[in-house]
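**Student:** Coordinates in entry_11.txt, compact mmCIF, C-alpha atoms and all ligand atoms, are listed below.
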```
# COMPACT_ATOMS: atom_id res chain seq x y z
CA MET A 1 122.77 155.51 67.67
CA LEU A 2 122.50 155.17 71.41
CA PHE A 3 121.32 152.05 73.19
CA TYR A 4 120.84 151.31 76.84
CA LYS A 5 122.52 148.37 78.48
CA LEU A 6 120.78 146.99 81.50
CA GLN A 7 122.84 145.96 84.48
CA GLY A 8 121.78 143.63 87.28
CA LEU A 9 120.24 141.03 85.03
CA ASN A 10 121.15 137.43 84.44
CA SER A 11 120.72 135.71 81.08
CA GLY A 12 117.09 134.79 81.72
CA ALA A 13 116.14 138.45 81.86
CA ILE A 14 118.30 139.80 79.03
CA ARG A 15 115.77 138.96 76.33
CA PRO A 16 113.11 141.47 77.31
CA ALA A 17 115.78 144.12 77.84
CA ALA A 18 117.43 143.51 74.45
CA ARG A 19 114.09 143.76 72.72
CA GLN A 20 113.40 147.26 73.95
CA ASN A 21 113.32 149.83 71.20
CA CYS A 22 116.28 152.22 71.13
CA ASP A 23 113.91 155.18 71.36
CA THR A 24 112.65 153.97 74.70
CA THR A 25 114.00 155.87 77.64
CA ALA A 26 116.22 154.23 80.22
CA ASP A 27 113.51 154.52 82.87
CA GLU A 28 110.98 152.89 80.57
CA ILE A 29 113.36 149.99 79.82
CA ILE A 30 113.92 149.45 83.52
CA ARG A 31 110.19 149.53 84.18
CA LEU A 32 109.37 147.03 81.43
CA THR A 33 112.25 144.78 82.33
CA LYS A 34 111.29 144.74 85.98
CA MET A 35 107.87 143.57 84.91
CA ASP A 36 109.32 140.64 82.99
CA ALA A 37 112.25 139.82 85.18
CA GLY A 38 110.37 140.33 88.41
CA ALA A 39 108.19 137.36 87.63
CA LEU A 40 111.24 135.23 86.97
CA HIS A 41 113.69 136.39 89.54
CA GLY A 42 111.80 138.41 92.09
CA GLU A 43 112.20 142.13 92.54
CA ARG A 44 115.75 143.23 91.86
CA GLU A 45 117.48 146.54 91.48
CA PHE A 46 118.33 147.46 87.89
CA SER A 47 120.20 150.31 86.36
CA ALA A 48 120.69 151.32 82.74
CA ARG A 49 123.66 152.94 81.08
CA PRO A 50 123.98 154.17 77.50
CA VAL A 51 126.08 152.07 75.10
CA HIS A 52 126.98 152.60 71.44
CA ASP A 53 125.84 150.60 68.44
CA ARG A 54 128.89 148.30 68.32
CA TRP A 55 128.41 147.47 71.97
CA PHE A 56 124.83 146.57 71.29
CA ARG A 57 125.92 144.19 68.50
CA LEU A 58 128.37 142.66 70.95
CA GLU A 59 125.50 142.33 73.42
CA GLN A 60 123.45 140.61 70.75
CA SER A 61 126.13 137.97 70.17
CA THR A 62 126.43 137.46 73.91
CA PHE A 63 122.70 137.14 74.01
CA ARG A 64 122.76 134.41 71.33
CA ARG A 65 125.43 132.53 73.27
CA CYS A 66 123.33 132.81 76.41
CA TRP A 67 120.40 131.27 74.63
CA LEU A 68 122.58 128.49 73.29
CA ILE A 69 123.63 127.75 76.87
CA TYR A 70 120.03 127.98 77.97
CA TYR A 71 118.85 125.45 75.39
CA THR A 72 121.78 123.13 76.12
CA ASN A 73 120.91 123.22 79.81
CA ALA A 74 117.24 122.59 79.04
CA LEU A 75 118.16 119.56 76.92
CA ALA A 76 120.38 118.18 79.65
CA PHE A 77 117.60 118.72 82.15
CA CYS A 78 115.16 116.74 79.99
CA TYR A 79 117.57 113.82 79.74
CA SER A 80 118.16 113.90 83.50
CA TRP A 81 114.42 113.98 84.12
CA GLY A 82 113.97 110.91 81.94
CA ALA A 83 116.66 109.09 83.89
CA LEU A 84 115.05 110.11 87.18
CA LYS A 85 111.69 108.81 85.98
CA THR A 86 113.27 105.44 85.34
CA ILE A 87 114.96 105.29 88.72
CA PHE A 88 112.08 106.76 90.78
CA PRO A 89 108.87 105.91 88.91
CA PHE A 90 106.58 106.88 91.78
CA SER A 91 107.97 110.37 92.12
CA THR A 92 106.83 111.42 88.65
CA THR A 93 103.57 112.09 86.90
CA VAL A 94 102.42 109.72 84.15
CA ASP A 95 100.82 110.62 80.83
CA GLU A 96 97.10 109.93 80.56
CA MET A 97 96.41 106.22 79.96
CA ASN A 98 93.44 104.40 78.51
CA GLY A 99 91.62 101.84 80.66
CA ARG A 100 93.52 98.79 79.44
CA GLU A 101 96.91 100.46 79.75
CA ARG A 102 96.03 101.63 83.26
CA VAL A 103 94.80 98.25 84.50
CA LEU A 104 97.63 96.20 82.98
CA ALA A 105 100.30 98.66 84.17
CA PHE A 106 98.87 98.63 87.69
CA LEU A 107 98.78 94.83 87.78
CA LYS A 108 102.47 94.78 86.81
CA GLY A 109 103.34 97.31 89.51
CA ASP A 110 104.17 100.08 87.03
CA ALA A 111 103.23 103.74 87.54
CA VAL A 112 99.70 104.76 86.49
CA ASP A 113 97.99 108.11 85.90
CA ARG A 114 95.20 107.36 88.39
CA LEU A 115 93.72 104.49 90.37
CA PRO A 116 92.06 101.84 88.18
CA LEU A 117 88.26 101.80 88.32
CA MET A 118 86.79 98.30 88.04
CA PRO A 119 83.34 98.14 89.67
CA VAL A 120 81.15 95.10 89.04
CA VAL A 121 78.28 96.45 86.94
CA MET A 122 75.57 94.30 85.39
CA MET A 123 71.95 95.35 86.08
CA PHE A 124 73.18 98.93 86.26
CA CYS A 125 74.38 98.59 82.63
CA ALA A 126 71.09 97.17 81.36
CA ASP A 127 69.26 100.10 82.93
CA GLN A 128 71.71 102.53 81.33
CA ILE A 129 70.63 101.49 77.84
CA GLY A 130 66.98 100.97 78.80
CA VAL A 131 66.68 97.19 78.39
CA LYS A 132 65.19 94.62 80.74
CA TYR A 133 67.78 92.51 82.50
CA GLY A 134 66.30 89.37 80.96
CA GLU A 135 67.42 90.64 77.54
CA TYR A 136 70.88 91.39 78.90
CA VAL A 137 71.16 87.83 80.23
CA ASN A 138 69.88 86.14 77.09
CA ASP A 139 71.22 88.24 74.20
CA TYR A 140 74.97 88.62 74.07
CA ARG A 141 74.73 91.58 71.70
CA VAL A 142 72.62 93.46 74.24
CA LEU A 143 75.08 92.59 77.02
CA ALA A 144 78.03 93.83 74.97
CA GLU A 145 76.26 97.02 73.96
CA ALA A 146 75.23 97.80 77.55
CA GLN A 147 78.74 97.15 78.89
CA ILE A 148 80.47 99.27 76.28
CA GLN A 149 78.07 102.20 76.48
CA THR A 150 78.21 102.25 80.28
CA ALA A 151 81.98 101.93 80.46
CA ASP A 152 82.35 104.78 77.94
CA ARG A 153 79.81 106.98 79.69
CA PHE A 154 81.35 106.61 83.16
CA GLY A 155 84.98 106.01 82.31
CA PHE A 156 85.17 102.49 83.75
CA ASP A 157 88.43 100.75 82.87
CA ILE A 158 86.96 97.34 82.01
CA VAL A 159 84.11 95.67 80.21
CA SER A 160 82.94 92.23 81.34
CA ASN A 161 80.60 89.45 80.23
CA MET A 162 79.43 88.44 83.71
CA SER A 163 75.65 88.32 84.08
CA ASP A 164 74.49 85.54 86.40
CA PRO A 165 75.91 82.38 88.02
CA ALA A 166 73.96 79.96 85.86
CA ARG A 167 75.83 79.73 82.55
CA GLU A 168 77.95 76.67 83.28
CA ALA A 169 75.17 74.94 85.22
CA PHE A 170 72.68 75.49 82.38
CA ASP A 171 75.07 73.91 79.89
CA CYS A 172 75.53 70.95 82.26
CA GLY A 173 71.77 70.44 82.11
CA ALA A 174 70.72 72.04 85.40
CA ARG A 175 67.26 73.57 85.71
CA ILE A 176 67.50 77.34 85.49
CA GLU A 177 64.79 79.92 86.02
CA PHE A 178 64.76 83.01 83.84
CA PHE A 179 63.08 86.29 84.68
CA GLU A 180 62.01 89.33 82.71
CA ASP A 181 64.08 91.81 84.67
CA GLN A 182 66.24 89.81 87.09
CA PRO A 183 69.31 87.54 86.82
CA ALA A 184 68.84 83.92 85.85
CA ALA A 185 68.84 81.63 88.89
CA ILE A 186 69.51 77.97 89.61
CA VAL A 187 66.54 76.04 90.97
CA GLU A 188 68.06 74.80 94.22
CA SER A 189 65.16 72.50 95.04
CA ASP A 190 65.67 70.59 91.78
CA ALA A 191 69.46 70.42 91.68
CA LEU A 192 71.05 68.53 88.79
CA LEU A 193 73.11 66.38 91.18
CA ALA A 194 70.49 65.92 93.86
CA ASP A 195 71.36 62.28 93.32
CA LYS A 196 75.12 61.95 93.74
CA ALA A 197 75.24 59.00 91.37
CA GLN A 198 74.45 61.34 88.47
CA LEU A 199 77.97 62.79 88.64
CA ALA A 200 79.57 59.68 87.14
CA GLY A 201 77.55 60.02 83.94
CA LEU A 202 77.69 63.80 83.65
CA GLN A 203 78.99 64.95 80.26
CA MET A 204 81.53 67.74 80.19
CA PRO A 205 79.82 70.55 78.25
CA ASN A 206 81.64 72.29 75.42
CA PRO A 207 82.00 76.05 76.12
CA LEU A 208 81.68 76.58 72.37
CA GLY A 209 78.72 74.26 71.94
CA ASP A 210 76.01 76.89 71.35
CA GLY A 211 74.96 76.99 74.99
CA ARG A 212 74.95 79.84 77.49
CA MET A 213 78.74 79.69 77.94
CA HIS A 214 79.14 80.10 74.19
CA ALA A 215 76.91 83.19 74.29
CA ALA A 216 79.14 84.72 76.98
CA VAL A 217 82.23 83.93 74.88
CA ASN A 218 80.51 85.64 71.93
CA ALA A 219 79.79 88.67 74.13
CA LEU A 220 83.43 88.83 75.11
CA SER A 221 84.61 88.47 71.54
CA LEU A 222 82.25 91.22 70.38
CA MET A 223 83.37 93.54 73.17
CA LYS A 224 87.02 92.92 72.31
CA ASP A 225 86.32 93.75 68.66
CA ARG A 226 84.60 96.98 69.67
CA VAL A 227 86.88 98.28 72.45
CA GLY A 228 90.16 97.00 70.97
CA ASN A 229 92.94 97.97 73.34
CA GLU A 230 91.06 100.91 74.87
CA LYS A 231 89.62 98.98 77.80
CA ALA A 232 90.57 95.79 79.61
CA VAL A 233 88.25 92.89 78.84
CA MET A 234 87.26 90.61 81.70
CA GLY A 235 85.74 87.15 81.39
CA TRP A 236 84.11 85.24 84.20
CA VAL A 237 83.89 81.67 85.51
CA GLU A 238 82.27 80.12 88.55
CA GLY A 239 84.83 78.98 91.12
CA PRO A 240 84.95 75.33 92.23
CA CYS A 241 82.93 75.74 95.43
CA ALA A 242 80.31 77.96 93.76
CA GLU A 243 79.85 75.67 90.74
CA ALA A 244 79.73 72.56 92.93
CA ALA A 245 76.99 74.28 94.93
CA ASP A 246 75.19 75.25 91.70
CA LEU A 247 75.09 71.60 90.58
CA ARG A 248 74.56 69.86 93.89
CA GLY A 249 72.62 72.49 95.86
CA ILE A 250 74.39 74.66 98.40
CA ASN A 251 72.82 73.16 101.49
CA THR A 252 73.45 69.58 100.39
CA LEU A 253 77.06 70.39 99.52
CA MET A 254 77.65 71.73 103.03
CA PHE A 255 76.67 68.31 104.43
CA ASP A 256 78.81 66.53 101.82
CA PHE A 257 81.95 68.07 103.27
CA TYR A 258 81.26 66.04 106.43
CA ASP A 259 79.43 63.04 105.01
CA ASP A 260 81.19 62.23 101.74
CA PRO A 261 84.44 64.11 101.20
CA ALA A 262 85.44 61.75 98.38
CA PHE A 263 82.36 62.81 96.42
CA VAL A 264 83.20 66.48 97.03
CA LEU A 265 86.67 65.92 95.56
CA ARG A 266 85.24 64.18 92.47
CA LEU A 267 82.74 66.99 92.03
CA PHE A 268 85.48 69.61 92.42
CA ASP A 269 87.58 67.76 89.83
CA PHE A 270 84.70 68.02 87.35
CA VAL A 271 83.83 71.68 87.94
CA THR A 272 87.47 72.78 87.91
CA GLU A 273 88.06 71.10 84.57
CA LEU A 274 84.92 72.81 83.28
CA ALA A 275 86.09 76.20 84.58
CA LEU A 276 89.47 75.76 82.87
CA LEU A 277 87.83 74.90 79.53
CA TYR A 278 85.49 77.87 79.82
CA ALA A 279 88.32 80.22 80.85
CA GLN A 280 90.43 79.07 77.89
CA ALA A 281 87.59 79.83 75.45
CA GLN A 282 87.31 83.34 76.93
CA VAL A 283 91.06 83.96 76.84
CA ASN A 284 91.07 82.83 73.22
CA ALA A 285 88.30 85.37 72.56
CA GLY A 286 90.41 88.20 73.98
CA ALA A 287 90.02 88.25 77.78
CA ASP A 288 92.82 90.07 79.61
CA ILE A 289 91.47 89.04 83.00
CA ILE A 290 89.35 86.12 84.16
CA GLY A 291 87.22 86.72 87.24
CA ILE A 292 86.54 83.75 89.49
CA GLY A 293 83.31 84.03 91.46
CA ASP A 294 83.42 81.64 94.40
CA ALA A 295 80.97 83.07 96.91
CA ALA A 296 80.11 79.73 98.48
CA ALA A 297 83.72 79.48 99.73
CA SER A 298 82.96 82.18 102.30
CA LEU A 299 80.49 79.83 104.01
CA ILE A 300 82.72 76.91 104.90
CA GLY A 301 85.43 78.23 107.23
CA PRO A 302 89.21 77.92 107.01
CA LYS A 303 89.49 74.17 107.67
CA PHE A 304 87.36 73.04 104.74
CA TYR A 305 88.52 75.94 102.61
CA ASP A 306 92.17 74.97 102.99
CA GLU A 307 91.52 71.25 102.60
CA PHE A 308 88.96 71.17 99.78
CA VAL A 309 88.58 74.49 98.02
CA TRP A 310 92.01 76.10 98.03
CA PRO A 311 93.80 73.35 96.04
CA TYR A 312 91.16 73.56 93.28
CA GLU A 313 91.12 77.36 93.24
CA LYS A 314 94.92 77.19 93.01
CA LYS A 315 94.74 74.79 90.06
CA LEU A 316 92.29 77.14 88.35
CA VAL A 317 94.40 80.25 89.03
CA ASP A 318 97.58 78.57 87.80
CA GLY A 319 95.78 77.29 84.73
CA ILE A 320 94.47 80.76 83.82
CA HIS A 321 97.94 82.23 84.32
CA ALA A 322 99.34 79.59 81.96
CA MET A 323 96.79 80.81 79.37
CA GLY A 324 98.29 84.30 79.68
CA ALA A 325 95.47 86.07 81.54
CA ALA A 326 95.36 87.72 84.95
CA VAL A 327 92.98 86.55 87.70
CA ARG A 328 90.48 88.47 89.81
CA LEU A 329 89.12 86.48 92.74
CA HIS A 330 85.66 87.48 93.93
CA ILE A 331 84.33 85.80 97.06
CA CYS A 332 81.15 87.51 98.27
CA GLY A 333 80.24 87.43 101.93
CA ASN A 334 82.41 87.30 105.02
CA ALA A 335 85.73 85.81 103.96
CA THR A 336 87.75 87.18 106.88
CA SER A 337 88.55 83.69 108.19
CA ILE A 338 90.03 82.53 104.86
CA VAL A 339 92.04 85.61 103.85
CA ASN A 340 95.34 83.78 104.42
CA GLY A 341 94.46 81.18 101.82
CA MET A 342 92.98 83.70 99.39
CA GLY A 343 96.16 85.74 99.56
CA SER A 344 98.39 82.77 98.75
CA LEU A 345 96.63 81.81 95.49
CA GLY A 346 98.70 84.25 93.43
CA CYS A 347 95.67 86.14 92.04
CA GLU A 348 96.49 89.56 90.63
CA ILE A 349 93.35 91.06 92.21
CA VAL A 350 91.44 89.98 95.30
CA ASP A 351 87.97 91.50 95.75
CA LEU A 352 86.78 92.01 99.31
CA ASP A 353 83.09 92.19 100.13
CA TYR A 354 82.08 94.64 102.83
CA PHE A 355 81.86 91.90 105.48
CA THR A 356 85.55 91.15 105.01
CA SER A 357 88.03 93.35 106.84
CA VAL A 358 90.38 95.22 104.50
CA ALA A 359 92.89 95.68 107.30
CA ALA A 360 92.88 91.94 108.09
CA ALA A 361 93.24 91.09 104.39
CA ARG A 362 96.14 93.50 103.98
CA GLN A 363 97.90 92.09 107.01
CA ALA A 364 97.39 88.50 105.86
CA MET A 365 98.21 89.04 102.18
CA GLY A 366 101.18 91.39 102.44
CA PRO A 367 101.76 94.82 100.88
CA GLN A 368 101.89 93.78 97.21
CA GLN A 369 98.52 92.02 96.88
CA ILE A 370 96.09 94.23 94.96
CA LEU A 371 92.84 94.60 96.88
CA LEU A 372 89.52 95.82 95.49
CA GLY A 373 86.47 96.85 97.51
CA ASN A 374 85.11 96.74 100.18
CA VAL A 375 82.58 99.58 100.21
CA ASP A 376 79.11 98.32 101.17
CA PRO A 377 77.22 98.59 97.86
CA VAL A 378 73.88 99.30 99.51
CA ARG A 379 74.59 101.21 102.72
CA ASP A 380 77.64 103.21 101.60
CA LEU A 381 77.00 103.58 97.88
CA ARG A 382 73.29 103.41 97.06
CA ASN A 383 71.83 104.82 100.26
CA ALA A 384 74.53 107.34 101.22
CA GLU A 385 75.14 111.00 100.37
CA ALA A 386 77.85 111.65 97.77
CA GLU A 387 80.30 113.02 100.39
CA ALA A 388 79.86 109.85 102.42
CA VAL A 389 80.65 107.77 99.32
CA THR A 390 83.95 109.60 98.96
CA ALA A 391 84.68 109.07 102.65
CA ALA A 392 83.89 105.34 102.38
CA PHE A 393 86.32 104.85 99.48
CA ALA A 394 88.96 106.94 101.26
CA GLN A 395 88.69 104.70 104.32
CA CYS A 396 89.07 101.50 102.27
CA HIS A 397 91.97 103.04 100.36
CA ARG A 398 93.70 104.03 103.62
CA GLN A 399 93.38 100.51 104.99
CA ALA A 400 94.41 98.86 101.73
CA GLY A 401 97.33 101.17 100.98
CA GLU A 402 98.82 101.85 97.54
CA ARG A 403 97.87 98.55 95.90
CA TYR A 404 94.19 99.36 95.68
CA ILE A 405 91.62 99.34 92.86
CA VAL A 406 88.39 101.31 93.17
CA GLY A 407 85.22 99.23 93.23
CA ALA A 408 82.51 98.30 95.71
CA GLY A 409 82.33 95.08 97.75
CA CYS A 410 80.03 93.54 95.15
CA GLU A 411 77.80 94.58 92.25
CA ILE A 412 76.81 98.26 92.04
CA PRO A 413 73.04 98.25 92.72
CA ARG A 414 70.98 99.19 89.68
CA ASP A 415 69.22 102.08 91.42
CA THR A 416 72.35 103.74 92.84
CA PRO A 417 72.00 107.55 92.46
CA LEU A 418 74.21 108.76 89.63
CA GLU A 419 75.83 111.44 91.81
CA ASN A 420 77.04 108.62 94.08
CA VAL A 421 78.43 106.67 91.10
CA ARG A 422 80.17 109.88 90.02
CA ALA A 423 81.61 110.32 93.52
CA MET A 424 83.17 106.86 93.18
CA ILE A 425 84.54 107.75 89.74
CA GLU A 426 85.85 111.07 90.99
CA TYR A 427 87.62 109.27 93.82
CA ALA A 428 89.51 107.12 91.31
CA ASN A 429 90.18 110.09 89.02
CA SER A 430 91.72 112.19 91.74
CA ARG A 431 93.90 109.62 93.48
CA LEU A 432 97.17 107.94 92.84
ZN ZN B 501 79.87 89.59 94.97
```
Mind turning this structure into structure tokens?

**Tutor:**
Amino acid sequence: MLFYKLQGLNSGAIRPAARQNCDTTADEIIRLTKMDAGALHGEREFSARPVHDRWFRLEQSTFRRCWLIYYTNALAFCYSWGALKTIFPFSTTVDEMNGRERVLAFLKGDAVDRLPLMPVVMMFCADQIGVKYGEYVNDYRVLAEAQIQTADRFGFDIVSNMSDPAREAFDCGARIEFFEDQPAAIVESDALLADKAQLAGLQMPNPLGDGRMHAAVNALSLMKDRVGNEKAVMGWVEGPCAEAADLRGINTLMFDFYDDPAFVLRLFDFVTELALLYAQAQVNAGADIIGIGDAAASLIGPKFYDEFVWPYEKKLVDGIHAMGAAVRLHICGNATSIVNGMGSLGCEIVDLDYFTSVAAARQAMGPQQILLGNVDPVRDLRNAEAEAVTAAFAQCHRQAGERYIVGAGCEIPRDTPLENVRAMIEYANSRL
């Protein structure tokens, strides 16, 4: 029996040659082999010469040895690749992660499969499941359902129990106004601490005392039961300046900084203790992250921020860390003048509203601080074309650098066109 031995091939191209039937002509073998080998090794010149049966058997044993070498090399390569991944984590691709894995890995500084996506969504979620926002605010089961369905539908990495700024204030006894399809609001003109003397007798509310805080804890607990470890779960508390303003009235509090700083400190003591109790209840219910909303802090400037607000925010941040949760600081408005202080609190995530310069925040906070935002939710997300949405996120990402989470400067407006929401999602999905 006559076989043809191909010359001019390396081991990677022997297999197709060895498989050719002995009845095939030499020219045919060369043609077929060129087809296979050409793809692997580029066009090469081959020749074929006839060999006898025993030579073919010899070739077969050589062939088996070649494949043994090939597999050994492949195994060694895999081990080397694993070692390289450990040494250079950013030079490798990462297996697909779920939302919780992605967020927690990113917070730790580990490699992730794509940028985390953590927009603030509340009214948008209620609309997604066709309920009035009043139901979302007042029924924790509705809130949880809306959050989970929306996060699943759009691939958001977190679910959250935030709904309005009036949960703690309501439980303190403040007068709150509820609406059919809007967030609950504090009645500023009838503030609980309009008379400063009321602070001394104010009872500390129990976050698990069947009030509005308890409902939010129940929402969080229900969401944790439903999403398990698939998505990160985020709780929410009012920051010291925001809650002080909720109880005292924002305008009155601004005068207090000048007129009665001792009262401000006593008030901040009270609201910070309340925030810590509320945060602990949410961490116990499964929160991975606690958001601190302290919008009023953007109104007071660096002097009062550093002197009054920062120490209490720091106490709150440290306390939440001691509970084992991460912290997301959210200060709406123009916080450019206080970015130094915000960056030194040790929060895992700092949100930036669109008034606040990303470049200034990055410069003040250093390269490792995770920044989120600062796309203008109305101008650049709701009212823009989809391509402009992509461009807006790209610009923020450029200014923020690698440590960046996708989300707008504040809440995603409820009537944002879905193609614009998808442009935001696509931005996160396509970027590392
Ligand atoms: Zn905001």

**Student:** With distances taken over all atoms listed in the file, which of A:Leu143, A:Ile349, A:Ala361, A:Leu316 is nearest to Gln280 (chain A)?

**Tutor:**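 Going through A:Leu143, A:Ile349, A:Ala361, A:Leu316 one by one, the smallest distance to Gln280 (chain A) is for A:Leu316.
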
**Student:** Taking (71.7, 100.3, 94.6) in the file's own coordinates, collect the residues within 6 Å, counting all atoms listed in the file, and hand them back as a list in words.

**Tutor:**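 The residues near that point, listed by chain and number, are Val378, Arg382, Pro413, Arg414, Asp415 and Thr416 of chain A.
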
**Student:** Go through A:Ser298, A:Gln128, A:Gln395, A:Asn138 one by one, measure the shortest atom-to-atom distance of each to ligand ZN 501 (chain B) using only C-alpha atoms and all ligand atoms, and give the residue with the smallest value.

**Tutor:**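 Nearest candidate to ligand ZN 501 (chain B) out of A:Ser298, A:Gln128, A:Gln395, A:Asn138: A:Ser298.
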
**Student:** Give me, as JSON, numbers by chain, the set of residues whose atoms come within 8 Å of any atom of ligand ZN 501 (chain B), counting only C-alpha atoms and all ligand atoms.

**Tutor:** {"A": [293, 295, 330, 331, 332, 333, 353, 409, 410, 411]}

**Student:** Can you list, as number ranges by chain, every protein, DNA or RNA residue that comes within 9 Å of Pro417 (chain A) when you count all atoms listed in the file, leaving out same-chain residues fewer than 4 positions away?

**Tutor:** A: 381-383, 386, 421-422

**Student:** Residues near Val112 (chain A), anyone? I mean within 7 Å using only C-alpha atoms, not counting same-chain ones fewer than 4 positions away, as a ChimeraX atom specification.

**Tutor:** /A:94,102,105-106

**Student:** For those residues, write C-alpha atoms to a file as a PDB file, keeping the file's coordinate frame.

**Tutor:**
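Just written: selection-v3.pdb:
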```pdb
ATOM      1  CA  VAL A  94     102.420 109.720  84.150  1.00  0.00           C
ATOM      2  CA  ARG A 102      96.030 101.630  83.260  1.00  0.00           C
ATOM      3  CA  ALA A 105     100.300  98.660  84.170  1.00  0.00           C
ATOM      4  CA  PHE A 106      98.870  98.630  87.690  1.00  0.00           C
TER       5      PHE A 106
END
```

**Student:** Within 7 Å of region 304-311 of chain A, counting all atoms listed in the file, which residues show up once you throw out same-chain ones fewer than 6 positions away? Write them as a PyMOL selection string, please.

**Tutor:** chain A and resi 240-241+297+341

**Student:** Kindly indicate which residue among A:Ala166, A:Ile148, A:Cys396, A:Leu274 lies nearest to Leu222 (chain A), using only C-alpha atoms for the distances.

**Tutor:** A:Ile148

**Student:** Please give the centre and size of the box around region 359-365 of chain A (axis-aligned, containing every atom listed in the file, 6 Å added per side), with values in Å to one decimal and written as JSON.

**Tutor:**
```
{"center_x": 95.5, "center_y": 92.1, "center_z": 105.1, "size_x": 17.3, "size_y": 19.2, "size_z": 17.9}
```

**Student:** Could you tell me how far CA of Ile405 (chain A) lies from CA of Ala126 (chain A), in Å and to one decimal?

**Tutor:** 23.6 Å

**Student:** Do a neighbour search on Glu101 (chain A) at 9 Å with only C-alpha atoms, toss out local chain neighbours closer than 6 positions, and write the hits as a list in words.

**Tutor:**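 So the residues in contact are Val112, Asn229, Glu230, Lys231 and Ala232 of chain A.
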